[in-house]
file structure-v1.tsv (TSV, C-alpha atoms)
chain	number	residue	atom	x	y	z
A	28	GLY	CA	31.47	11.99	44.37
A	29	GLU	CA	33.14	8.61	44.11
A	30	ASN	CA	35.24	7.84	41.02
A	31	VAL	CA	36.56	4.39	40.13
A	32	GLU	CA	39.34	3.80	37.61
A	33	GLN	CA	39.99	0.30	36.24
A	34	HIS	CA	42.99	-1.08	34.35
A	35	PRO	CA	43.72	-2.60	31.96
A	36	SER	CA	40.81	-2.18	29.56
A	37	THR	CA	41.76	-5.41	27.78
A	38	LEU	CA	43.78	-8.37	29.00
A	39	SER	CA	44.78	-11.48	27.13
A	40	VAL	CA	46.40	-14.42	28.94
A	41	GLN	CA	47.26	-18.00	28.14
A	42	GLU	CA	45.07	-20.69	29.64
A	43	GLY	CA	46.47	-21.74	32.98
A	44	ASP	CA	48.20	-18.42	33.62
A	45	SER	CA	47.05	-15.81	36.15
A	46	ALA	CA	45.17	-12.61	35.44
A	47	VAL	CA	45.20	-9.46	37.56
A	48	ILE	CA	42.84	-6.50	37.21
A	49	LYS	CA	43.36	-3.34	39.24
A	50	CYS	CA	41.04	-0.58	40.40
A	51	THR	CA	41.47	2.65	42.30
A	52	TYR	CA	38.78	4.66	44.04
A	53	SER	CA	38.64	8.23	45.20
A	54	ASP	CA	36.47	8.37	48.32
A	55	SER	CA	38.21	6.97	51.39
A	56	ALA	CA	34.81	6.52	53.09
A	57	SER	CA	33.71	3.84	50.57
A	58	ASN	CA	33.47	0.55	52.38
A	59	TYR	CA	32.23	-2.16	50.02
A	60	PHE	CA	33.94	-3.36	46.83
A	61	PRO	CA	32.29	-6.01	44.64
A	62	TRP	CA	33.53	-7.53	41.42
A	63	TYR	CA	31.16	-8.53	38.64
A	64	LYS	CA	31.65	-10.78	35.63
A	65	GLN	CA	29.56	-10.01	32.56
A	66	GLU	CA	29.40	-12.31	29.58
A	67	LEU	CA	28.21	-10.96	26.26
A	68	GLY	CA	24.53	-10.07	26.39
A	69	LYS	CA	24.13	-11.32	29.95
A	70	ARG	CA	23.57	-9.81	33.37
A	71	PRO	CA	26.50	-8.82	35.60
A	72	GLN	CA	27.17	-11.65	38.04
A	73	LEU	CA	28.76	-11.02	41.40
A	74	ILE	CA	31.87	-13.18	41.68
A	75	ILE	CA	33.50	-11.87	44.85
A	76	ASP	CA	33.32	-8.88	47.14
A	77	ILE	CA	35.34	-7.38	49.97
A	78	ARG	CA	34.61	-4.95	52.77
A	79	SER	CA	36.89	-2.26	54.06
A	80	ASN	CA	37.65	-4.09	57.31
A	81	VAL	CA	39.31	-6.95	55.39
A	82	GLY	CA	42.54	-6.90	53.40
A	83	GLU	CA	42.11	-10.04	51.33
A	84	LYS	CA	39.44	-12.57	50.44
A	85	LYS	CA	39.72	-15.74	48.43
A	86	ASP	CA	37.21	-18.07	46.81
A	87	GLN	CA	38.80	-21.00	44.97
A	88	ARG	CA	40.64	-19.53	41.96
A	89	ILE	CA	39.52	-15.97	42.61
A	90	ALA	CA	40.94	-13.56	45.15
A	91	VAL	CA	40.54	-9.88	45.88
A	92	THR	CA	42.96	-7.64	47.78
A	93	LEU	CA	42.23	-4.22	49.21
A	94	ASN	CA	44.69	-1.51	50.18
A	95	LYS	CA	42.71	1.18	52.00
A	96	THR	CA	45.68	3.48	52.43
A	97	ALA	CA	46.38	3.57	48.72
A	98	LYS	CA	42.68	3.29	47.84
A	99	HIS	CA	43.09	0.47	45.42
A	100	PHE	CA	41.83	-3.08	45.10
A	101	SER	CA	42.65	-5.90	42.74
A	102	LEU	CA	41.11	-9.06	41.35
A	103	HIS	CA	43.35	-12.09	40.92
A	104	ILE	CA	42.29	-15.11	38.88
A	105	THR	CA	44.63	-18.09	38.97
A	106	GLU	CA	44.75	-21.13	36.67
A	107	THR	CA	42.62	-19.34	34.11
A	108	GLN	CA	40.20	-21.32	31.96
A	109	PRO	CA	38.46	-20.44	28.67
A	110	GLU	CA	35.18	-19.92	30.55
A	111	ASP	CA	36.82	-17.07	32.47
A	112	SER	CA	36.68	-15.01	29.26
A	113	ALA	CA	34.28	-12.11	29.91
A	114	VAL	CA	34.20	-8.45	30.86
A	115	TYR	CA	35.00	-7.85	34.52
A	116	PHE	CA	33.87	-4.80	36.44
A	117	CYS	CA	35.02	-3.52	39.77
A	118	ALA	CA	32.78	-1.25	41.81
A	119	ALA	CA	32.80	0.77	44.99
A	120	SER	CA	29.79	1.62	47.10
A	121	SER	CA	29.03	5.18	48.00
A	122	PRO	CA	29.79	6.16	51.57
A	123	PRO	CA	27.38	5.00	54.29
A	124	HIS	CA	26.12	8.47	55.11
A	125	GLN	CA	24.62	8.68	51.65
A	126	GLY	CA	22.09	5.98	52.46
A	127	ALA	CA	21.25	3.11	50.11
A	128	GLN	CA	24.60	2.53	48.63
A	129	LYS	CA	24.70	2.86	44.90
A	130	LEU	CA	27.59	1.21	43.12
A	131	VAL	CA	30.09	3.27	41.15
A	132	PHE	CA	31.61	1.03	38.49
A	133	GLY	CA	34.97	0.94	36.82
A	134	GLN	CA	35.20	1.01	33.05
A	135	GLY	CA	35.50	-2.76	32.69
A	136	THR	CA	38.26	-5.13	31.59
A	137	ARG	CA	37.74	-7.46	28.67
A	138	LEU	CA	39.58	-10.65	29.65
A	139	THR	CA	40.38	-13.17	26.94
A	140	ILE	CA	41.80	-16.58	27.80
A	141	ASN	CA	43.73	-18.11	24.93
A	142	PRO	CA	43.67	-21.93	24.73
B	19	GLY	CA	11.13	-14.93	43.17
B	20	GLU	CA	14.74	-16.00	43.42
B	21	GLU	CA	15.93	-13.73	40.63
B	22	VAL	CA	15.40	-10.13	39.66
B	23	ALA	CA	12.90	-10.20	36.81
B	24	GLN	CA	12.98	-7.49	34.17
B	25	THR	CA	10.54	-6.99	31.32
B	26	PRO	CA	10.55	-6.59	28.44
B	27	LYS	CA	13.87	-8.03	27.29
B	28	HIS	CA	13.98	-5.74	24.30
B	29	LEU	CA	12.03	-2.56	23.61
B	30	VAL	CA	12.10	-0.58	20.38
B	31	ARG	CA	10.73	2.95	20.22
B	32	GLY	CA	10.81	5.77	17.74
B	33	GLU	CA	12.47	8.96	18.84
B	34	GLY	CA	10.03	11.03	20.86
B	35	GLN	CA	7.94	8.09	22.00
B	36	LYS	CA	7.54	6.88	25.57
B	37	ALA	CA	9.28	3.82	26.98
B	38	LYS	CA	8.39	1.96	30.16
B	39	LEU	CA	10.52	-0.74	31.74
B	40	TYR	CA	9.62	-3.04	34.62
B	41	CYS	CA	11.54	-4.75	37.41
B	42	ALA	CA	10.45	-7.23	40.06
B	43	PRO	CA	13.11	-7.48	42.79
B	44	ILE	CA	14.02	-10.68	44.57
B	45	LYS	CA	11.41	-11.51	47.19
B	46	GLY	CA	12.43	-10.07	50.53
B	47	HIS	CA	14.75	-7.48	49.04
B	48	SER	CA	13.86	-3.97	50.14
B	49	TYR	CA	16.32	-2.03	47.98
B	50	VAL	CA	16.05	-1.55	44.24
B	51	PHE	CA	18.61	0.13	42.01
B	52	TRP	CA	18.44	1.12	38.34
B	53	TYR	CA	21.59	1.37	36.22
B	54	GLN	CA	22.06	2.31	32.58
B	55	GLN	CA	24.76	0.52	30.56
B	56	VAL	CA	25.67	2.20	27.32
B	57	LEU	CA	27.57	0.73	24.36
B	58	LYS	CA	30.99	1.38	25.85
B	59	ASN	CA	29.99	-0.90	28.73
B	60	GLU	CA	30.05	1.80	31.36
B	61	PHE	CA	27.38	1.64	34.04
B	62	LYS	CA	25.62	4.77	35.16
B	63	PHE	CA	23.54	4.82	38.34
B	64	LEU	CA	20.09	6.29	37.88
B	65	ILE	CA	17.98	5.89	41.01
B	66	SER	CA	17.48	3.73	44.10
B	67	PHE	CA	14.48	2.86	46.26
B	68	GLN	CA	13.89	1.53	49.73
B	69	ASN	CA	10.56	-0.20	49.30
B	70	GLU	CA	8.38	2.46	47.68
B	71	ASN	CA	10.48	5.40	48.80
B	72	VAL	CA	13.03	7.09	46.58
B	73	PHE	CA	16.41	6.86	48.29
B	74	ASP	CA	18.81	8.44	45.85
B	75	GLU	CA	17.85	9.98	42.52
B	76	THR	CA	21.05	11.86	41.86
B	77	GLY	CA	21.61	10.00	38.58
B	78	MET	CA	18.22	10.65	37.02
B	79	PRO	CA	17.81	13.05	34.09
B	80	LYS	CA	14.71	14.47	35.73
B	81	GLU	CA	13.24	16.20	32.70
B	82	ARG	CA	12.27	12.95	30.98
B	83	PHE	CA	13.00	10.08	33.36
B	84	SER	CA	10.77	8.96	36.20
B	85	ALA	CA	10.58	5.84	38.32
B	86	LYS	CA	8.28	4.24	40.86
B	87	CYS	CA	8.17	1.28	43.19
B	88	LEU	CA	4.60	0.76	44.40
B	89	PRO	CA	3.43	-1.91	46.88
B	90	ASN	CA	2.50	-5.24	45.28
B	91	SER	CA	3.60	-4.09	41.82
B	92	PRO	CA	6.81	-4.32	39.82
B	93	CYS	CA	9.01	-1.25	39.96
B	94	SER	CA	9.00	0.82	36.77
B	95	LEU	CA	11.29	3.19	34.93
B	96	GLU	CA	9.64	5.47	32.40
B	97	ILE	CA	11.27	7.66	29.78
B	98	GLN	CA	9.19	10.34	28.12
B	99	ALA	CA	10.07	11.80	24.73
B	100	THR	CA	12.90	9.36	24.14
B	101	LYS	CA	16.10	10.45	22.43
B	102	LEU	CA	18.64	8.48	20.43
B	103	GLU	CA	21.13	8.67	23.32
B	104	ASP	CA	18.68	6.82	25.58
B	105	SER	CA	19.54	3.66	23.66
B	106	ALA	CA	21.19	1.39	26.24
B	107	VAL	CA	20.64	-1.65	28.39
B	108	TYR	CA	18.81	-0.76	31.59
B	109	PHE	CA	19.60	-3.02	34.52
B	110	CYS	CA	17.69	-3.33	37.72
B	111	ALA	CA	19.36	-4.73	40.85
B	112	SER	CA	18.07	-5.51	44.31
B	113	SER	CA	19.57	-6.10	47.74
B	114	GLN	CA	18.28	-7.04	51.17
B	115	GLU	CA	20.05	-4.24	53.00
B	116	PRO	CA	21.80	-1.05	51.88
B	117	ASN	CA	25.34	-2.43	51.94
B	118	GLN	CA	24.61	-5.99	50.90
B	119	PRO	CA	25.37	-7.59	47.50
B	120	GLN	CA	23.30	-6.30	44.66
B	121	HIS	CA	21.83	-8.93	42.36
B	122	PHE	CA	21.11	-7.91	38.80
B	123	GLY	CA	18.33	-8.76	36.41
B	124	ASP	CA	18.87	-9.67	32.76
B	125	GLY	CA	18.30	-6.09	31.69
B	126	THR	CA	16.07	-4.43	29.13
B	127	ARG	CA	17.71	-3.44	25.87
B	128	LEU	CA	16.12	-0.17	24.76
B	129	SER	CA	16.63	0.79	21.13
B	130	ILE	CA	15.55	4.25	20.01
B	131	LEU	CA	15.22	4.60	16.25

call {"tool": "encode", "arguments": {"input": "structure-v1.tsv", "output": "structure tokens"}}
result
Amino acid sequence: GENVEQHPSTLSVQEGDSAVIKCTYSDSASNYFPWYKQELGKRPQLIIDIRSNVGEKKDQRIAVTLNKTAKHFSLHITETQPEDSAVYFCAASSPPHQGAQKLVFGQGTRLTINP
Amino acid sequence: GEEVAQTPKHLVRGEGQKAKLYCAPIKGHSYVFWYQQVLKNEFKFLISFQNENVFDETGMPKERFSAKCLPNSPCSLEIQATKLEDSAVYFCASSQEPNQPQHFGDGTRLSIL
């Protein structure tokens, strides 16, 4: 089945700098890749997603890139702010032929923004 | 409703007791997913439904875990004869279509003592 690896596990950046989190997936048939932000004790919140027919997507300070050939995708946060501090999870959806597409999550990255 | 609603927020059970968790998906969403998040933060998929039909139960420990989504009722996840390792936060998510964004509830924190 699908396997998603996420790096780094922790990331500390200065406020205003950029942060990049990387994920790789194993099943080339996966076609949907969301990113979730989870604050302590809260629900995962979808912050951006990308589909396999697109190479890049941007929403204000957040962008995601997808390289289907290499089977990896990355989250880029620019001009980081203290409120960006959280755990970020990448995920890949199981291939379409498997029906309702469960998400396979990466291990999470704890991002800390230092003032 | 506009959000996935999970109850209770926190559930404490003694080892060997039964635990039952509930989830009301967003109105109009036909797909429901259950995930287990353990202390190391990792999410494990348990089961998914399309309306009241089980779609994928490959993640369910079938001996003690069961789940249902019945018409006009919240979905439920039940654990019989709970074990210490069942302690986790159980999240429910819903989506309109199979490959659409999944929206998560606040989760139920299950503590087995």

call {"tool": "interface_residues", "arguments": {"input": "structure-v1.tsv", "of": "chain A", "to": "chain B", "cutoff": "7 Å", "atoms": "only C-alpha atoms", "output": "ChimeraX atom specification"}}
result
/A:69-71,127-129,132,134

call {"tool": "atom_distance", "arguments": {"input": "structure-v1.tsv", "atom1": "atom CA of B:Tyr40", "atom2": "atom CA of B:Glu21"}}
result
13.8 Å

call {"tool": "atom_distance", "arguments": {"input": "structure-v1.tsv", "atom1": "atom CA of B:Cys87", "atom2": "atom CA of B:Ala23"}}
result
14.0 Å

call {"tool": "closest_residue", "arguments": {"input": "structure-v1.tsv", "among": "A:Cys50, A:Ile140, A:Ile75, A:Cys117", "to": "A:Lys98", "atoms": "all atoms listed in the file"}}
result
A:Cys50

call {"tool": "atom_distance", "arguments": {"input": "structure-v1.tsv", "atom1": "atom CA of A:Glu83", "atom2": "atom CA of A:Leu38"}}
result
22.5 Å

call {"tool": "residues_around", "arguments": {"input": "structure-v1.tsv", "residues": "stretch 53-57 of chain A", "least_positions_apart": "5", "cutoff": "8 Å", "atoms": "all atoms listed in the file", "output": "PDB file with C-alpha atoms, keeping the file's coordinate frame"}}
result
ATOM      1  CA  GLY A  28      31.470  11.990  44.370  1.00  0.00           C
ATOM      2  CA  GLU A  29      33.140   8.610  44.110  1.00  0.00           C
ATOM      3  CA  ASN A  30      35.240   7.840  41.020  1.00  0.00           C
ATOM      4  CA  VAL A  31      36.560   4.390  40.130  1.00  0.00           C
ATOM      5  CA  SER A  79      36.890  -2.260  54.060  1.00  0.00           C
ATOM      6  CA  LYS A  95      42.710   1.180  52.000  1.00  0.00           C
ATOM      7  CA  LYS A  98      42.680   3.290  47.840  1.00  0.00           C
ATOM      8  CA  ALA A 119      32.800   0.770  44.990  1.00  0.00           C
ATOM      9  CA  SER A 120      29.790   1.620  47.100  1.00  0.00           C
ATOM     10  CA  SER A 121      29.030   5.180  48.000  1.00  0.00           C
ATOM     11  CA  PRO A 122      29.790   6.160  51.570  1.00  0.00           C
ATOM     12  CA  PRO A 123      27.380   5.000  54.290  1.00  0.00           C
TER      13      PRO A 123
END

call {"tool": "residues_near_point", "arguments": {"input": "structure-v1.tsv", "point": "(14.1, -2.7, 24.2)", "cutoff": "6 Å", "atoms": "only C-alpha atoms", "output": "ChimeraX atom specification"}}
result
/B:28-30,126-129

call {"tool": "write_last_selection", "arguments": {"input": "structure-v1.tsv", "atoms": "C-alpha atoms", "output": "PDB file, in the coordinates of the input"}}
result
ATOM      1  CA  HIS B  28      13.980  -5.740  24.300  1.00  0.00           C
ATOM      2  CA  LEU B  29      12.030  -2.560  23.610  1.00  0.00           C
ATOM      3  CA  VAL B  30      12.100  -0.580  20.380  1.00  0.00           C
ATOM      4  CA  THR B 126      16.070  -4.430  29.130  1.00  0.00           C
ATOM      5  CA  ARG B 127      17.710  -3.440  25.870  1.00  0.00           C
ATOM      6  CA  LEU B 128      16.120  -0.170  24.760  1.00  0.00           C
ATOM      7  CA  SER B 129      16.630   0.790  21.130  1.00  0.00           C
TER       8      SER B 129
END

call {"tool": "closest_residue", "arguments": {"input": "structure-v1.tsv", "among": "A:Ala97, A:Pro61, A:His34, A:Gly82", "to": "A:Ala46", "atoms": "all atoms listed in the file"}}
result
A:His34

call {"tool": "residues_near_point", "arguments": {"input": "structure-v1.tsv", "point": "(6.5, 0.3, 45.7)", "cutoff": "10 Å", "atoms": "only C-alpha atoms", "output": "NGL selection string"}}
result
:B and (48 or 50 or 67-72 or 86-94)

call {"tool": "decode", "arguments": {"input": "structure-v1.tsv", "residues": "chain B", "atoms": "C-alpha atoms", "output": "mmCIF file, in the first residue's frame"}}
result
data_model
loop_
_atom_site.group_PDB
_atom_site.id
_atom_site.type_symbol
_atom_site.label_atom_id
_atom_site.label_comp_id
_atom_site.auth_asym_id
_atom_site.auth_seq_id
_atom_site.Cartn_x
_atom_site.Cartn_y
_atom_site.Cartn_z
ATOM 1 C CA GLY B 19 -24.171 21.249 10.185
ATOM 2 C CA GLU B 20 -21.198 23.158 8.843
ATOM 3 C CA GLU B 21 -18.650 21.231 10.868
ATOM 4 C CA VAL B 22 -17.987 17.607 11.649
ATOM 5 C CA ALA B 23 -19.305 17.073 15.172
ATOM 6 C CA GLN B 24 -17.713 14.450 17.391
ATOM 7 C CA THR B 25 -18.851 13.370 20.833
ATOM 8 C CA PRO B 26 -17.761 12.980 23.508
ATOM 9 C CA LYS B 27 -14.658 15.174 23.596
ATOM 10 C CA HIS B 28 -13.020 12.968 26.173
ATOM 11 C CA LEU B 29 -13.845 9.410 27.205
ATOM 12 C CA VAL B 30 -12.226 7.492 30.048
ATOM 13 C CA ARG B 31 -12.626 3.742 30.351
ATOM 14 C CA GLY B 32 -11.074 1.011 32.418
ATOM 15 C CA GLU B 33 -9.218 -1.684 30.552
ATOM 16 C CA GLY B 34 -11.679 -4.276 29.296
ATOM 17 C CA GLN B 35 -14.636 -1.911 29.175
ATOM 18 C CA LYS B 36 -16.500 -0.823 26.062
ATOM 19 C CA ALA B 37 -16.087 2.566 24.414
ATOM 20 C CA LYS B 38 -18.406 4.170 21.882
ATOM 21 C CA LEU B 39 -17.611 7.303 19.919
ATOM 22 C CA TYR B 40 -19.936 9.324 17.707
ATOM 23 C CA CYS B 41 -19.530 11.453 14.598
ATOM 24 C CA ALA B 42 -21.996 13.609 12.682
ATOM 25 C CA PRO B 43 -20.559 14.493 9.248
ATOM 26 C CA ILE B 44 -21.060 17.827 7.546
ATOM 27 C CA LYS B 45 -24.534 18.015 6.031
ATOM 28 C CA GLY B 46 -24.421 16.863 2.433
ATOM 29 C CA HIS B 47 -21.212 14.902 2.832
ATOM 30 C CA SER B 48 -21.618 11.284 1.802
ATOM 31 C CA TYR B 49 -18.204 9.985 2.843
ATOM 32 C CA VAL B 50 -17.051 9.442 6.405
ATOM 33 C CA PHE B 51 -13.572 8.425 7.501
ATOM 34 C CA TRP B 52 -12.246 7.411 10.926
ATOM 35 C CA TYR B 53 -8.586 7.917 11.846
ATOM 36 C CA GLN B 54 -6.690 7.114 15.025
ATOM 37 C CA GLN B 55 -3.945 9.492 16.172
ATOM 38 C CA VAL B 56 -1.614 8.071 18.769
ATOM 39 C CA LEU B 57 0.804 9.946 21.034
ATOM 40 C CA LYS B 58 3.557 10.132 18.440
ATOM 41 C CA ASN B 59 1.146 12.117 16.269
ATOM 42 C CA GLU B 60 0.892 9.520 13.552
ATOM 43 C CA PHE B 61 -2.496 9.036 11.933
ATOM 44 C CA LYS B 62 -3.784 5.580 11.201
ATOM 45 C CA PHE B 63 -6.763 5.048 8.906
ATOM 46 C CA LEU B 64 -9.422 2.782 10.368
ATOM 47 C CA ILE B 65 -12.513 2.680 8.165
ATOM 48 C CA SER B 66 -14.514 4.661 5.611
ATOM 49 C CA PHE B 67 -18.188 4.797 4.661
ATOM 50 C CA GLN B 68 -20.213 5.950 1.707
ATOM 51 C CA ASN B 69 -23.492 6.837 3.372
ATOM 52 C CA GLU B 70 -24.331 3.723 5.394
ATOM 53 C CA ASN B 71 -22.143 1.375 3.390
ATOM 54 C CA VAL B 72 -18.669 0.344 4.486
ATOM 55 C CA PHE B 73 -16.232 1.382 1.771
ATOM 56 C CA ASP B 74 -12.852 0.418 3.128
ATOM 57 C CA GLU B 75 -12.232 -1.317 6.441
ATOM 58 C CA THR B 76 -8.665 -2.381 5.840
ATOM 59 C CA GLY B 77 -7.440 -0.446 8.886
ATOM 60 C CA MET B 78 -9.855 -1.899 11.428
ATOM 61 C CA PRO B 79 -8.680 -4.327 14.107
ATOM 62 C CA LYS B 80 -11.749 -6.451 13.486
ATOM 63 C CA GLU B 81 -11.669 -8.488 16.671
ATOM 64 C CA ARG B 82 -12.688 -5.568 18.890
ATOM 65 C CA PHE B 83 -13.482 -2.600 16.647
ATOM 66 C CA SER B 84 -16.745 -2.043 14.823
ATOM 67 C CA ALA B 85 -18.346 0.949 13.157
ATOM 68 C CA LYS B 86 -21.671 1.953 11.674
ATOM 69 C CA CYS B 87 -23.238 4.808 9.775
ATOM 70 C CA LEU B 88 -27.032 4.462 9.875
ATOM 71 C CA PRO B 89 -29.543 6.780 8.163
ATOM 72 C CA ASN B 90 -30.589 9.787 10.260
ATOM 73 C CA SER B 91 -28.142 8.918 13.043
ATOM 74 C CA PRO B 92 -24.576 9.911 13.869
ATOM 75 C CA CYS B 93 -21.931 7.452 12.749
ATOM 76 C CA SER B 94 -20.376 5.439 15.566
ATOM 77 C CA LEU B 95 -17.124 3.679 16.338
ATOM 78 C CA GLU B 96 -17.248 1.059 19.070
ATOM 79 C CA ILE B 97 -14.369 -0.681 20.795
ATOM 80 C CA GLN B 98 -15.092 -3.779 22.820
ATOM 81 C CA ALA B 99 -12.800 -5.003 25.588
ATOM 82 C CA THR B 100 -10.565 -1.951 25.402
ATOM 83 C CA LYS B 101 -6.815 -2.248 25.847
ATOM 84 C CA LEU B 102 -4.249 0.264 27.046
ATOM 85 C CA GLU B 103 -2.932 0.687 23.494
ATOM 86 C CA ASP B 104 -6.360 1.902 22.342
ATOM 87 C CA SER B 105 -5.620 5.174 24.127
ATOM 88 C CA ALA B 106 -5.509 7.775 21.349
ATOM 89 C CA VAL B 107 -7.432 10.602 19.766
ATOM 90 C CA TYR B 108 -10.001 9.313 17.298
ATOM 91 C CA PHE B 109 -10.802 11.700 14.480
ATOM 92 C CA CYS B 110 -13.710 11.548 12.128
ATOM 93 C CA ALA B 111 -13.580 13.323 8.759
ATOM 94 C CA SER B 112 -16.122 13.780 6.008
ATOM 95 C CA SER B 113 -16.063 14.718 2.337
ATOM 96 C CA GLN B 114 -18.634 15.328 -0.375
ATOM 97 C CA GLU B 115 -17.022 13.040 -2.928
ATOM 98 C CA PRO B 116 -14.320 10.359 -2.731
ATOM 99 C CA ASN B 117 -11.431 12.551 -3.849
ATOM 100 C CA GLN B 118 -12.526 15.827 -2.322
ATOM 101 C CA PRO B 119 -11.027 17.555 0.748
ATOM 102 C CA GLN B 120 -11.651 15.793 4.003
ATOM 103 C CA HIS B 121 -12.784 17.995 6.874
ATOM 104 C CA PHE B 122 -11.988 16.819 10.364
ATOM 105 C CA GLY B 123 -13.897 16.974 13.607
ATOM 106 C CA ASP B 124 -12.354 17.976 16.935
ATOM 107 C CA GLY B 125 -11.704 14.357 17.825
ATOM 108 C CA THR B 126 -12.484 12.203 20.833
ATOM 109 C CA ARG B 127 -9.646 11.631 23.262
ATOM 110 C CA LEU B 128 -9.975 8.069 24.552
ATOM 111 C CA SER B 129 -8.052 7.248 27.711
ATOM 112 C CA ILE B 130 -7.868 3.634 28.830
ATOM 113 C CA LEU B 131 -6.796 3.207 32.444
#
